[in-house]
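Following: one structure in structure tokens, then a few remarks.
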Protein chains: 2
Amino acid sequence: MPDKLRVIPLGGLGEIGKNMMVFELGEDLIIVDAGLMFPEEEMLGVDLVIPDVSYVAERIGKLRGILITHGHEDHTGALPYVLPQLQLPNGKLPPIYCTRLTHGLISVKLQEHKLAKRADLRMVQMGDTVRLGKFSAEFVRVTHSIPDSAGIMIRTPLGNVFHTGDFKLDHTPIMGEPTDLLRIAELGREGVVLLLSDSTYAETPGYTPSEYVVGDALDQIMAHSPGRVIIATFASLISRVQQIIDASYANGRHVFVTGRSMLDNAKMALKQKYLDSPEDILAPLEKMRGLPPEQITIITTGAQGEPTSALVRMANRDHRHIEIQEGDTVVLSSSAIPGNELLINRTIDNLYRLGARVLYSRIANVHVRGHAAQEELKLMLSLVQPKHFVPVHGEYRHLIMHAGLARAMGVEEEKTFVLEDGDILEIDRKEAKVVGRVPADYVYVDGLAVGVDRVVLRDRRHLATDGVIVAIVTIDKHTGKPIGRPDVVSRGFIEAEMSDSLMERAGDVILESLGGAAHVAGRGDFNTRVHDSLSRFLYDETRRRPMVLPLSVEV
Amino acid sequence: MPDKLRVIPLGGLGEIGKNMMVFELGEDLIIVDAGLMFPEEEMLGVDLVIPDVSYVAERIGKLRGILITHGHEDHTGALPYVLPQLQLPNGKLPPIYCTRLTHGLISVKLQEHKLAKRADLRMVQMGDTVRLGKFSAEFVRVTHSIPDSAGIMIRTPLGNVFHTGDFKLDHTPIMGEPTDLLRIAELGREGVVLLLSDSTYAETPGYTPSEYVVGDALDQIMAHSPGRVIIATFASLISRVQQIIDASYANGRHVFVTGRSMLDNAKMALKQKYLDSPEDILAPLEKMRGLPPEQITIITTGAQGEPTSALVRMANRDHRHIEIQEGDTVVLSSSAIPGNELLINRTIDNLYRLGARVLYSRIANVHVRGHAAQEELKLMLSLVQPKHFVPVHGEYRHLIMHAGLARAMGVEEEKTFVLEDGDILEIDRKEAKVVGRVPADYVYVDGLAVGVDRVVLRDRRHLATDGVIVAIVTIDKHTGKPIGRPDVVSRGFIEAEMSDSLMERAGDVILESLGGAAHVAGRGDFNTRVHDSLSRFLYDETRRRPMVLPLSVEV
């Protein structure tokens, strides 16, 4: 048996999001998760970021299936974009395996992208094992901030691999049962050659508190708030929504829901019986009229300060039905995803300006994290007793810290691998080692295009900083000399009142730059002369460097 | 005595930064602080933000002086930009009063802007009182993260106003003496009609720890790190630099400094004897050669992940003299200014990638804040016993929380005012109330221009998202009909390979849009037709909305 097991992260190692892991053994290949990432600040105009699946596409005949650990966007969101790239040689799309709620969420997503009919989406029960060529995969129950989350035990002829998915060890979860520590311990006893474990909160000491503490805080808020309670959380955090419903009805409040993704998810979760409510929470907001404010709870989106979300529209007095008023209590039941701090702070400030009281995780117990902290990560290592260890899901420092925890737990340093997207880890019966790299760059989705190149983004950054100047020169095609005055137009460069005289003088600069030669030597020469002289003139005058576009019209 | 005292914040209330407060009584007006703010994400291409001083400029004959509490940019940085707007009727610039280190820092800044000779910068001692028309101002020592920080007691015929400046209550500061609680208590006994107090950390319970705890942590790091220690902090945090020097020499390390602002500040602080070192810390970095790594400390800039800073250049392998290597310990002795989290995280990750160990405030005691937390704010209120209270310096929620603390301390609700920039608070012998507003918008500095208008920024945002398309149509001036094919050029819109055929078809769309009428009815009609048809076509094809610039050349 000369084969080696290849483990290749295509996403999620070195960044938070777009999780994807490839396992390849001989003629078989499987993928775990296919997530998206939201663009960072400098990725101007990009809608979202997905993994590069070209390594798999080049070996498409080997692909046996895609396993999804849970229903969050950073594990499922790339499916509509990568599935078309992963058509099997027989013309079909690869089977996707997942548990029930995950199945529901992915179905909605595939319908939106008109892929529901072509895709081969298969539901598994927790504990089921799926055969995928030489691989088999067992779904193991873990706790996370969405129900039906799974870790996956991948059995291979070269040994067992346990992939935790996103997890924490809440012993008293609000919904469903806790992480199946007994089964994980059995797997550890069976022997695990490689553990891949969630590193998102490896920086955080101690334990992540139980969802339970949030329930107590919500109960107090519902009981003691003098008016309406408006509470924003992640639409996928269905257990939190249930807690809000429970605390509301226990305190004589009726529950209303607003915000598109919250409504969609609540509808789906009610239908699939993940949510349970004594009354219809999907009633139109008009039904609030006539109810005293202290009998109203509104569940909504916008806990990350997303500009088009319902809560942000309320904070900007821009929501069609809900006007924030004195006496309202607004709760942000979430913590900030790094990068969103300013948007969240601005939303909180605007809500205060309208007279609301605002509660958020820095000042009240209204949220707990969905990921394991250091002590839980150690317990996982302790139960699984892996021979080799790869920290997954996290920015580089999280991986480093998690690797440090593993070494402290007795995993040998040379058997712990801090990988990044694209690294190939090869494991055989004797050892594991990094043997090379595959393409694993960010793939940008912008509008209908999958894959936006760097030049476009560089140009957008340039335009964003100092705007654009277009200089049109009419050229006599016989003499090669300019006719009349150049037309100079700018956008995003300088205010209108300063612009007129500056553009007038820019025209002189252009003519001067073209005047030196008897004949302008072709388009390249023209571009260089106009571009350079105009750039220099504008920088001297304004200390700004707009993009300069010289254009000539020959007549 | 019919006069009323007007208190008008022109900056710093509702945001962090660009602090400025105006006090006006009859024919006299004074300004406290003149700070800048760094631009937020959506202020594309803006270099910095300063307060709008038009209210003062319109009453320039009343201006008696500018008082500066301490030398940080958010209290001094607008001076070079607002001074030219504040020329007195006699042609001179208004006097600026400040303590010694602040004087040194402002001098450097005024020299850079070639204002040193014209400006009237005056040094005061802590405890001095300055007369300014009907106002007098006493400088009171407070602790902050820069030496020579002052609160200001402003005496007026209508009562005393105490402005804390930025402060905390470190009883064991590293440099200078602690906040002068005795003097503040005396002022409280003398009677304070209005307290203005720093709200920056009003969200934070408890006390801010002493700088002392950082000293202990640094000592441990210098003693136990196996190689070089490279430590980044704020260039103005001179007491921290002193702690680093002390801990280094105590553990047999030589200190080197790199990064322009760190070098400038260290040079100035050594000259003015705010810094003290057994050896020359300004020696060229070449002197490091030959020293064993465990005998080297490097102090540098970049603790906020600033893209052009020395530390970020090291993290990107882009520093001329220092290459990060395994065995290096890098310390970020700072906490994240909101909005900088991603840049800081990226810097930490890149340093880890190069093999360094990285210590930062989330995982080690390497920084304490410079501002008072809730218990200190209460102590201030308790000593000053103000009749009226205005929380200053902070985003809106900080002001709200600070107002809540004041009410809990017995300041009456109707005597606590949560103001925002531009609000006019009027105080007479009987009462205080908000009577109106003055202009207090953000003023943007971009290149040489002070004041960038909103249209320019809106255009930059549009350009940033989807780029620009320029369509040039040559028009026969006699027939009004297009000649030849339009020229269509794009930047930042779509990748080159997709662009060619799309631009070709865009040309057809333009001709079609102009073909309907026998004659295009003027430039407005032309613009509308080309703009609308092209925008619609491009959105249908790409789901992007670039800025469309239709241009016509008549021949």
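Labels for the structure tokens follow display order: chains A, B, ..., residues from 1 in each chain, ligands from 1.
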Give the residues of chain B that lie within 8 Å of chain A; count only C-alpha atoms, and format the answer as a short mmCIF file (atom, residue, chain, number, x, y, z; two decimals) with all heavy atoms, in the first residue's frame.
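And here's out_5.cif as it stands now:
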data_model
loop_
_atom_site.label_atom_id
_atom_site.label_comp_id
_atom_site.auth_asym_id
_atom_site.auth_seq_id
_atom_site.Cartn_x
_atom_site.Cartn_y
_atom_site.Cartn_z
N LEU B 44 -12.82 58.64 1.84
CA LEU B 44 -11.79 58.15 0.93
C LEU B 44 -10.81 59.24 0.52
O LEU B 44 -11.21 60.30 0.07
CB LEU B 44 -12.44 57.55 -0.31
CG LEU B 44 -13.23 56.25 -0.06
CD1 LEU B 44 -14.02 55.87 -1.30
CD2 LEU B 44 -12.30 55.13 0.34
N GLY B 45 -9.53 58.95 0.67
CA GLY B 45 -8.50 59.86 0.21
C GLY B 45 -8.26 61.05 1.12
O GLY B 45 -7.37 61.86 0.88
N VAL B 46 -9.06 61.18 2.19
CA VAL B 46 -8.89 62.30 3.11
C VAL B 46 -7.67 62.04 3.98
O VAL B 46 -7.45 60.92 4.43
CB VAL B 46 -10.16 62.48 3.97
CG1 VAL B 46 -9.93 63.43 5.13
CG2 VAL B 46 -11.33 62.95 3.11
N GLU B 203 -17.07 53.59 29.41
CA GLU B 203 -17.70 52.27 29.26
C GLU B 203 -17.05 51.23 30.16
O GLU B 203 -17.59 50.15 30.34
CB GLU B 203 -17.48 51.81 27.81
CG GLU B 203 -18.70 51.53 26.99
CD GLU B 203 -18.31 51.18 25.55
OE1 GLU B 203 -17.11 51.17 25.22
OE2 GLU B 203 -19.22 50.93 24.76
N PRO B 338 -10.08 51.81 17.96
CA PRO B 338 -11.13 51.17 17.16
C PRO B 338 -11.02 51.54 15.68
O PRO B 338 -10.82 52.70 15.33
CB PRO B 338 -12.43 51.73 17.77
CG PRO B 338 -12.08 52.02 19.19
CD PRO B 338 -10.64 52.49 19.14
N GLY B 339 -11.12 50.53 14.84
CA GLY B 339 -10.93 50.73 13.41
C GLY B 339 -9.60 50.18 12.94
O GLY B 339 -9.42 49.89 11.77
N GLU B 341 -8.15 47.38 14.23
CA GLU B 341 -8.00 45.98 14.63
C GLU B 341 -7.45 45.11 13.51
O GLU B 341 -6.56 44.29 13.73
CB GLU B 341 -9.35 45.41 15.10
CG GLU B 341 -9.88 45.99 16.40
CD GLU B 341 -10.64 47.29 16.20
OE1 GLU B 341 -10.68 47.79 15.04
OE2 GLU B 341 -11.17 47.82 17.19
N LEU B 342 -7.99 45.28 12.29
CA LEU B 342 -7.58 44.38 11.21
C LEU B 342 -6.11 44.59 10.84
O LEU B 342 -5.38 43.64 10.61
CB LEU B 342 -8.46 44.57 9.98
CG LEU B 342 -9.88 44.04 10.11
CD1 LEU B 342 -10.64 44.25 8.81
CD2 LEU B 342 -9.89 42.57 10.48
N ILE B 348 0.50 41.29 13.37
CA ILE B 348 0.85 40.22 14.30
C ILE B 348 1.03 38.90 13.53
O ILE B 348 2.01 38.18 13.71
CB ILE B 348 -0.23 40.07 15.39
CG1 ILE B 348 -0.27 41.32 16.28
CG2 ILE B 348 0.00 38.81 16.23
CD1 ILE B 348 -1.44 41.36 17.24
N ASP B 349 0.07 38.61 12.66
CA ASP B 349 0.14 37.36 11.89
C ASP B 349 1.42 37.30 11.04
O ASP B 349 2.10 36.28 10.99
CB ASP B 349 -1.08 37.22 10.98
CG ASP B 349 -2.33 36.83 11.76
OD1 ASP B 349 -2.20 36.53 12.96
OD2 ASP B 349 -3.42 36.82 11.17
N ASN B 350 1.74 38.41 10.38
CA ASN B 350 2.93 38.40 9.53
C ASN B 350 4.20 38.23 10.34
O ASN B 350 5.16 37.60 9.88
CB ASN B 350 2.98 39.67 8.68
CG ASN B 350 1.93 39.64 7.57
OD1 ASN B 350 1.49 38.57 7.16
ND2 ASN B 350 1.54 40.80 7.09
N TYR B 352 4.42 36.53 13.17
CA TYR B 352 4.46 35.10 13.50
C TYR B 352 4.96 34.28 12.31
O TYR B 352 5.73 33.34 12.46
CB TYR B 352 3.08 34.59 13.89
CG TYR B 352 2.76 34.69 15.37
CD1 TYR B 352 1.66 35.41 15.81
CD2 TYR B 352 3.53 34.04 16.32
CE1 TYR B 352 1.34 35.49 17.16
CE2 TYR B 352 3.23 34.10 17.67
CZ TYR B 352 2.13 34.84 18.08
OH TYR B 352 1.83 34.91 19.41
N ARG B 353 4.49 34.66 11.11
CA ARG B 353 4.90 33.92 9.91
C ARG B 353 6.41 33.94 9.73
O ARG B 353 6.99 33.01 9.21
CB ARG B 353 4.25 34.52 8.65
CG ARG B 353 2.79 34.15 8.51
CD ARG B 353 2.24 34.55 7.15
NE ARG B 353 0.85 34.11 7.04
CZ ARG B 353 -0.21 34.87 7.32
NH1 ARG B 353 -0.06 36.13 7.68
NH2 ARG B 353 -1.43 34.37 7.23
N ILE B 363 -2.96 39.31 25.17
CA ILE B 363 -2.40 38.11 25.78
C ILE B 363 -1.29 38.39 26.80
O ILE B 363 -0.76 37.46 27.39
CB ILE B 363 -1.89 37.11 24.71
CG1 ILE B 363 -0.75 37.72 23.89
CG2 ILE B 363 -3.00 36.67 23.78
CD1 ILE B 363 0.00 36.70 23.03
N GLU B 395 -17.20 59.05 22.06
CA GLU B 395 -18.32 58.80 21.17
C GLU B 395 -19.60 58.92 22.00
O GLU B 395 -19.56 58.95 23.23
CB GLU B 395 -18.15 57.42 20.54
CG GLU B 395 -16.87 57.40 19.68
CD GLU B 395 -16.64 56.09 18.97
OE1 GLU B 395 -17.36 55.78 18.03
OE2 GLU B 395 -15.71 55.36 19.37
N TYR B 396 -20.74 58.98 21.30
CA TYR B 396 -21.97 59.35 21.98
C TYR B 396 -22.28 58.43 23.16
O TYR B 396 -22.68 58.88 24.23
CB TYR B 396 -23.13 59.35 20.98
CG TYR B 396 -24.31 60.15 21.45
CD1 TYR B 396 -24.30 61.54 21.41
CD2 TYR B 396 -25.44 59.52 21.98
CE1 TYR B 396 -25.38 62.28 21.86
CE2 TYR B 396 -26.53 60.25 22.43
CZ TYR B 396 -26.49 61.63 22.37
OH TYR B 396 -27.56 62.36 22.82
N ARG B 397 -22.07 57.11 22.99
CA ARG B 397 -22.41 56.20 24.08
C ARG B 397 -21.52 56.43 25.30
O ARG B 397 -21.96 56.24 26.44
CB ARG B 397 -22.33 54.74 23.62
CG ARG B 397 -20.95 54.29 23.25
CD ARG B 397 -20.93 52.96 22.53
NE ARG B 397 -19.55 52.65 22.18
CZ ARG B 397 -18.88 53.26 21.20
NH1 ARG B 397 -19.46 54.18 20.46
NH2 ARG B 397 -17.63 52.94 20.96
N ILE B 400 -23.08 59.32 27.13
CA ILE B 400 -24.30 58.86 27.81
C ILE B 400 -23.93 58.11 29.11
O ILE B 400 -24.52 58.33 30.16
CB ILE B 400 -25.09 57.90 26.88
CG1 ILE B 400 -25.71 58.70 25.74
CG2 ILE B 400 -26.13 57.11 27.66
CD1 ILE B 400 -27.04 59.32 26.06
N ASP B 446 -7.20 67.40 2.58
CA ASP B 446 -6.76 66.45 1.55
C ASP B 446 -5.70 67.17 0.72
O ASP B 446 -6.00 68.12 0.01
CB ASP B 446 -7.95 66.05 0.68
CG ASP B 446 -7.56 65.06 -0.41
OD1 ASP B 446 -6.40 64.58 -0.42
OD2 ASP B 446 -8.41 64.76 -1.27
N GLY B 447 -4.48 66.70 0.83
CA GLY B 447 -3.41 67.41 0.14
C GLY B 447 -3.32 68.82 0.68
O GLY B 447 -3.29 69.02 1.90
N LEU B 448 -3.31 69.79 -0.22
CA LEU B 448 -3.18 71.18 0.23
C LEU B 448 -4.52 71.80 0.61
O LEU B 448 -4.56 72.89 1.17
CB LEU B 448 -2.55 72.02 -0.88
CG LEU B 448 -1.12 71.64 -1.25
CD1 LEU B 448 -0.61 72.54 -2.36
CD2 LEU B 448 -0.20 71.74 -0.03
N ALA B 449 -5.62 71.13 0.30
CA ALA B 449 -6.92 71.75 0.51
C ALA B 449 -7.44 71.50 1.92
O ALA B 449 -7.41 70.38 2.42
CB ALA B 449 -7.92 71.23 -0.51
N VAL B 452 -12.91 69.63 1.98
CA VAL B 452 -13.18 68.85 0.77
C VAL B 452 -14.69 68.63 0.77
O VAL B 452 -15.25 68.25 1.80
CB VAL B 452 -12.48 67.48 0.84
CG1 VAL B 452 -12.80 66.65 -0.39
CG2 VAL B 452 -10.98 67.67 1.00
N ASP B 453 -15.36 68.87 -0.37
CA ASP B 453 -16.80 68.78 -0.24
C ASP B 453 -17.32 67.36 -0.42
O ASP B 453 -16.61 66.44 -0.82
CB ASP B 453 -17.52 69.82 -1.10
CG ASP B 453 -17.48 69.52 -2.56
OD1 ASP B 453 -17.35 68.33 -2.93
OD2 ASP B 453 -17.57 70.46 -3.35
N VAL B 455 -19.51 66.05 -2.41
CA VAL B 455 -19.68 65.49 -3.76
C VAL B 455 -18.42 64.73 -4.16
O VAL B 455 -18.49 63.63 -4.72
CB VAL B 455 -19.96 66.62 -4.78
CG1 VAL B 455 -20.03 66.05 -6.19
CG2 VAL B 455 -21.25 67.33 -4.42
N VAL B 456 -17.26 65.31 -3.84
CA VAL B 456 -16.00 64.65 -4.18
C VAL B 456 -15.91 63.29 -3.49
O VAL B 456 -15.54 62.29 -4.10
CB VAL B 456 -14.81 65.55 -3.79
CG1 VAL B 456 -13.51 64.79 -3.87
CG2 VAL B 456 -14.76 66.79 -4.68
N LEU B 457 -16.27 63.24 -2.21
CA LEU B 457 -16.19 61.97 -1.49
C LEU B 457 -17.21 60.97 -2.01
O LEU B 457 -16.93 59.78 -2.10
CB LEU B 457 -16.39 62.20 0.01
CG LEU B 457 -15.29 63.01 0.69
CD1 LEU B 457 -15.52 63.05 2.19
CD2 LEU B 457 -13.93 62.42 0.39
N ARG B 458 -18.40 61.47 -2.36
CA ARG B 458 -19.42 60.57 -2.90
C ARG B 458 -18.92 59.97 -4.21
O ARG B 458 -19.04 58.77 -4.45
CB ARG B 458 -20.72 61.34 -3.11
CG ARG B 458 -21.94 60.47 -3.29
CD ARG B 458 -23.08 61.30 -3.83
NE ARG B 458 -22.70 61.92 -5.10
CZ ARG B 458 -23.25 63.02 -5.61
NH1 ARG B 458 -24.18 63.67 -4.92
NH2 ARG B 458 -22.85 63.49 -6.77
N ASP B 459 -18.32 60.80 -5.06
CA ASP B 459 -17.78 60.29 -6.32
C ASP B 459 -16.67 59.27 -6.08
O ASP B 459 -16.58 58.26 -6.77
CB ASP B 459 -17.25 61.45 -7.18
CG ASP B 459 -18.38 62.23 -7.85
OD1 ASP B 459 -19.53 61.76 -7.83
OD2 ASP B 459 -18.11 63.33 -8.37
N ARG B 460 -15.82 59.54 -5.10
CA ARG B 460 -14.74 58.57 -4.81
C ARG B 460 -15.32 57.23 -4.37
O ARG B 460 -14.81 56.17 -4.74
CB ARG B 460 -13.81 59.12 -3.72
CG ARG B 460 -12.91 60.23 -4.22
CD ARG B 460 -11.95 60.70 -3.13
NE ARG B 460 -11.25 61.90 -3.59
CZ ARG B 460 -10.54 62.69 -2.79
NH1 ARG B 460 -10.43 62.44 -1.49
NH2 ARG B 460 -9.93 63.75 -3.29
N ARG B 461 -16.39 57.28 -3.56
CA ARG B 461 -17.01 56.01 -3.13
C ARG B 461 -17.57 55.26 -4.34
O ARG B 461 -17.44 54.05 -4.44
CB ARG B 461 -18.10 56.27 -2.10
CG ARG B 461 -17.55 56.42 -0.70
CD ARG B 461 -18.64 56.32 0.35
NE ARG B 461 -19.50 57.49 0.34
CZ ARG B 461 -19.23 58.63 0.98
NH1 ARG B 461 -18.12 58.73 1.69
NH2 ARG B 461 -20.06 59.64 0.93
N LEU B 463 -16.55 55.51 -7.50
CA LEU B 463 -15.40 55.01 -8.26
C LEU B 463 -14.78 53.79 -7.58
O LEU B 463 -14.35 52.84 -8.24
CB LEU B 463 -14.35 56.11 -8.40
CG LEU B 463 -14.72 57.30 -9.28
CD1 LEU B 463 -13.76 58.47 -9.03
CD2 LEU B 463 -14.70 56.91 -10.76
N ALA B 464 -14.75 53.81 -6.25
CA ALA B 464 -14.11 52.73 -5.49
C ALA B 464 -14.86 51.42 -5.65
O ALA B 464 -14.28 50.34 -5.62
CB ALA B 464 -14.04 53.09 -4.02
N THR B 465 -16.16 51.50 -5.80
CA THR B 465 -16.96 50.29 -5.80
C THR B 465 -16.88 49.56 -7.14
O THR B 465 -16.65 48.35 -7.18
CB THR B 465 -18.43 50.63 -5.50
OG1 THR B 465 -18.45 51.42 -4.31
CG2 THR B 465 -19.25 49.38 -5.28
N ASP B 466 -17.08 50.27 -8.24
CA ASP B 466 -17.16 49.59 -9.53
C ASP B 466 -16.37 50.27 -10.64
O ASP B 466 -16.56 49.96 -11.81
CB ASP B 466 -18.64 49.44 -9.95
CG ASP B 466 -19.33 48.32 -9.18
OD1 ASP B 466 -18.65 47.34 -8.86
OD2 ASP B 466 -20.53 48.43 -8.92
N GLY B 467 -15.53 51.24 -10.29
CA GLY B 467 -14.68 51.83 -11.31
C GLY B 467 -15.41 52.83 -12.20
O GLY B 467 -16.49 53.32 -11.86
N THR B 474 -17.68 61.07 -31.14
CA THR B 474 -17.40 62.20 -32.03
C THR B 474 -18.71 62.55 -32.75
O THR B 474 -19.37 61.68 -33.32
CB THR B 474 -16.31 61.83 -33.04
OG1 THR B 474 -15.21 61.29 -32.32
CG2 THR B 474 -15.86 63.05 -33.82
N ARG B 491 -11.66 51.77 -16.31
CA ARG B 491 -10.62 51.52 -15.31
C ARG B 491 -11.31 51.07 -14.01
O ARG B 491 -12.30 51.68 -13.59
CB ARG B 491 -9.83 52.78 -14.99
CG ARG B 491 -8.86 53.23 -16.05
CD ARG B 491 -7.68 52.28 -16.23
NE ARG B 491 -6.71 52.78 -17.19
CZ ARG B 491 -6.84 52.69 -18.50
NH1 ARG B 491 -7.90 52.10 -19.02
NH2 ARG B 491 -5.91 53.18 -19.30
N GLY B 492 -10.78 50.00 -13.43
CA GLY B 492 -11.33 49.54 -12.15
C GLY B 492 -12.70 48.90 -12.28
O GLY B 492 -13.40 48.70 -11.30
N PHE B 493 -13.08 48.57 -13.51
CA PHE B 493 -14.42 48.04 -13.72
C PHE B 493 -14.41 46.53 -13.92
O PHE B 493 -15.06 45.78 -13.20
CB PHE B 493 -15.06 48.76 -14.92
CG PHE B 493 -16.32 48.12 -15.44
CD1 PHE B 493 -17.39 47.85 -14.59
CD2 PHE B 493 -16.44 47.79 -16.78
CE1 PHE B 493 -18.54 47.25 -15.08
CE2 PHE B 493 -17.60 47.20 -17.27
CZ PHE B 493 -18.64 46.93 -16.42
N ILE B 494 -13.65 46.07 -14.88
CA ILE B 494 -13.69 44.65 -15.24
C ILE B 494 -12.34 44.27 -15.83
O ILE B 494 -11.64 45.10 -16.39
CB ILE B 494 -14.87 44.40 -16.20
CG1 ILE B 494 -15.34 42.96 -16.12
CG2 ILE B 494 -14.52 44.81 -17.63
CD1 ILE B 494 -16.75 42.77 -16.63
N GLU B 495 -12.00 42.98 -15.73
CA GLU B 495 -10.67 42.54 -16.15
C GLU B 495 -10.52 42.67 -17.67
O GLU B 495 -11.47 42.56 -18.42
CB GLU B 495 -10.39 41.09 -15.73
CG GLU B 495 -11.55 40.24 -15.34
CD GLU B 495 -12.27 40.77 -14.12
OE1 GLU B 495 -11.60 41.36 -13.28
OE2 GLU B 495 -13.48 40.65 -14.06
N GLU B 541 -25.27 43.06 -17.90
CA GLU B 541 -24.22 42.13 -18.28
C GLU B 541 -23.35 41.70 -17.11
O GLU B 541 -22.80 40.60 -17.13
CB GLU B 541 -23.30 42.78 -19.34
CG GLU B 541 -23.96 43.01 -20.68
CD GLU B 541 -24.18 41.70 -21.44
OE1 GLU B 541 -23.26 40.87 -21.43
OE2 GLU B 541 -25.28 41.53 -22.03
N THR B 542 -23.16 42.58 -16.13
CA THR B 542 -22.14 42.31 -15.10
C THR B 542 -22.65 42.42 -13.66
O THR B 542 -21.94 42.05 -12.74
CB THR B 542 -20.98 43.33 -15.22
OG1 THR B 542 -21.48 44.63 -14.90
CG2 THR B 542 -20.38 43.33 -16.61
N ARG B 543 -23.85 42.98 -13.47
CA ARG B 543 -24.36 43.31 -12.13
C ARG B 543 -23.43 44.30 -11.39
O ARG B 543 -23.32 44.28 -10.19
CB ARG B 543 -24.56 42.07 -11.27
CG ARG B 543 -25.71 41.18 -11.70
CD ARG B 543 -27.05 41.83 -11.42
NE ARG B 543 -28.15 40.96 -11.81
CZ ARG B 543 -28.61 40.85 -13.07
NH1 ARG B 543 -28.08 41.57 -14.05
NH2 ARG B 543 -29.62 40.04 -13.35
N ARG B 544 -22.72 45.12 -12.15
CA ARG B 544 -21.92 46.18 -11.54
C ARG B 544 -22.43 47.52 -12.04
O ARG B 544 -23.04 47.60 -13.10
CB ARG B 544 -20.44 46.02 -11.90
CG ARG B 544 -19.87 44.69 -11.47
CD ARG B 544 -18.39 44.57 -11.78
NE ARG B 544 -18.00 43.16 -11.73
CZ ARG B 544 -16.78 42.72 -11.95
NH1 ARG B 544 -15.80 43.56 -12.23
NH2 ARG B 544 -16.51 41.43 -11.88
N VAL B 553 -17.19 64.96 -28.58
CA VAL B 553 -16.27 65.88 -29.26
C VAL B 553 -16.95 66.30 -30.55
O VAL B 553 -17.28 65.46 -31.37
CB VAL B 553 -14.93 65.16 -29.57
CG1 VAL B 553 -14.02 66.08 -30.37
CG2 VAL B 553 -14.26 64.71 -28.28
N VAL B 555 -16.99 67.95 -34.17
CA VAL B 555 -16.06 68.33 -35.24
C VAL B 555 -16.84 68.76 -36.47
O VAL B 555 -18.01 68.46 -36.61
CB VAL B 555 -15.10 67.18 -35.61
CG1 VAL B 555 -14.18 66.87 -34.45
CG2 VAL B 555 -15.87 65.96 -36.04
#
Original post:
Residues at most 8 Å from A:Ile424, counting only C-alpha atoms, excluding those fewer than 4 positions away in the same chain, as a list in words?
Top reply: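 The residues that qualify are Arg6, Val7, Ile8, Pro9, Val434, Val435, Gly436, Arg437 and Val438 of chain A.
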Original post:
Can you list, as a list of chain:residue names, every protein, DNA or RNA residue that comes within 7 Å of stretch 50-59 of chain B when you count only C-alpha atoms, leaving out same-chain residues fewer than 2 positions away?
Top reply: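 That gives B:Leu10, B:Gly11, B:Lys18, B:Gly35, B:Leu36, B:Met37, B:Leu48, B:Gly61, B:Lys62, B:Ala78, B:Gln85, B:Leu86, B:Val438, B:Pro439, B:Ala440, B:Asp441, B:Tyr442, B:Val443, B:Tyr444.
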Subject >> Contact residues around A:Ala232 with only C-alpha atoms at 9 Å, ignoring same-chain residues under 4 positions, as a list of chain:residue names >> reply: A:Ile298, A:Ile299, A:Thr300, A:Thr301, A:Gly302, A:Ala303, A:Gln304, A:Ala310, A:Leu311, A:Val330, A:Val331, A:Leu332, A:Ser333, A:Ser334
Original post:
What lies within 9 Å of stretch 242-258 of chain B using only C-alpha atoms, ignoring chain neighbours under 5 positions off, as a PyMOL selection string?
Top reply: chain B and resi 174-175+214-216+218-223+228+231+237+263+266+274-285+287-288+291+293-301+310
**OP:** From stretch 141-273 of chain B, collect each residue whose DSSP state is alpha helix (DSSP H) and return the set as a PyMOL selection string.
**Re:** chain B and resi 181-190+212-224+238-250+260-271
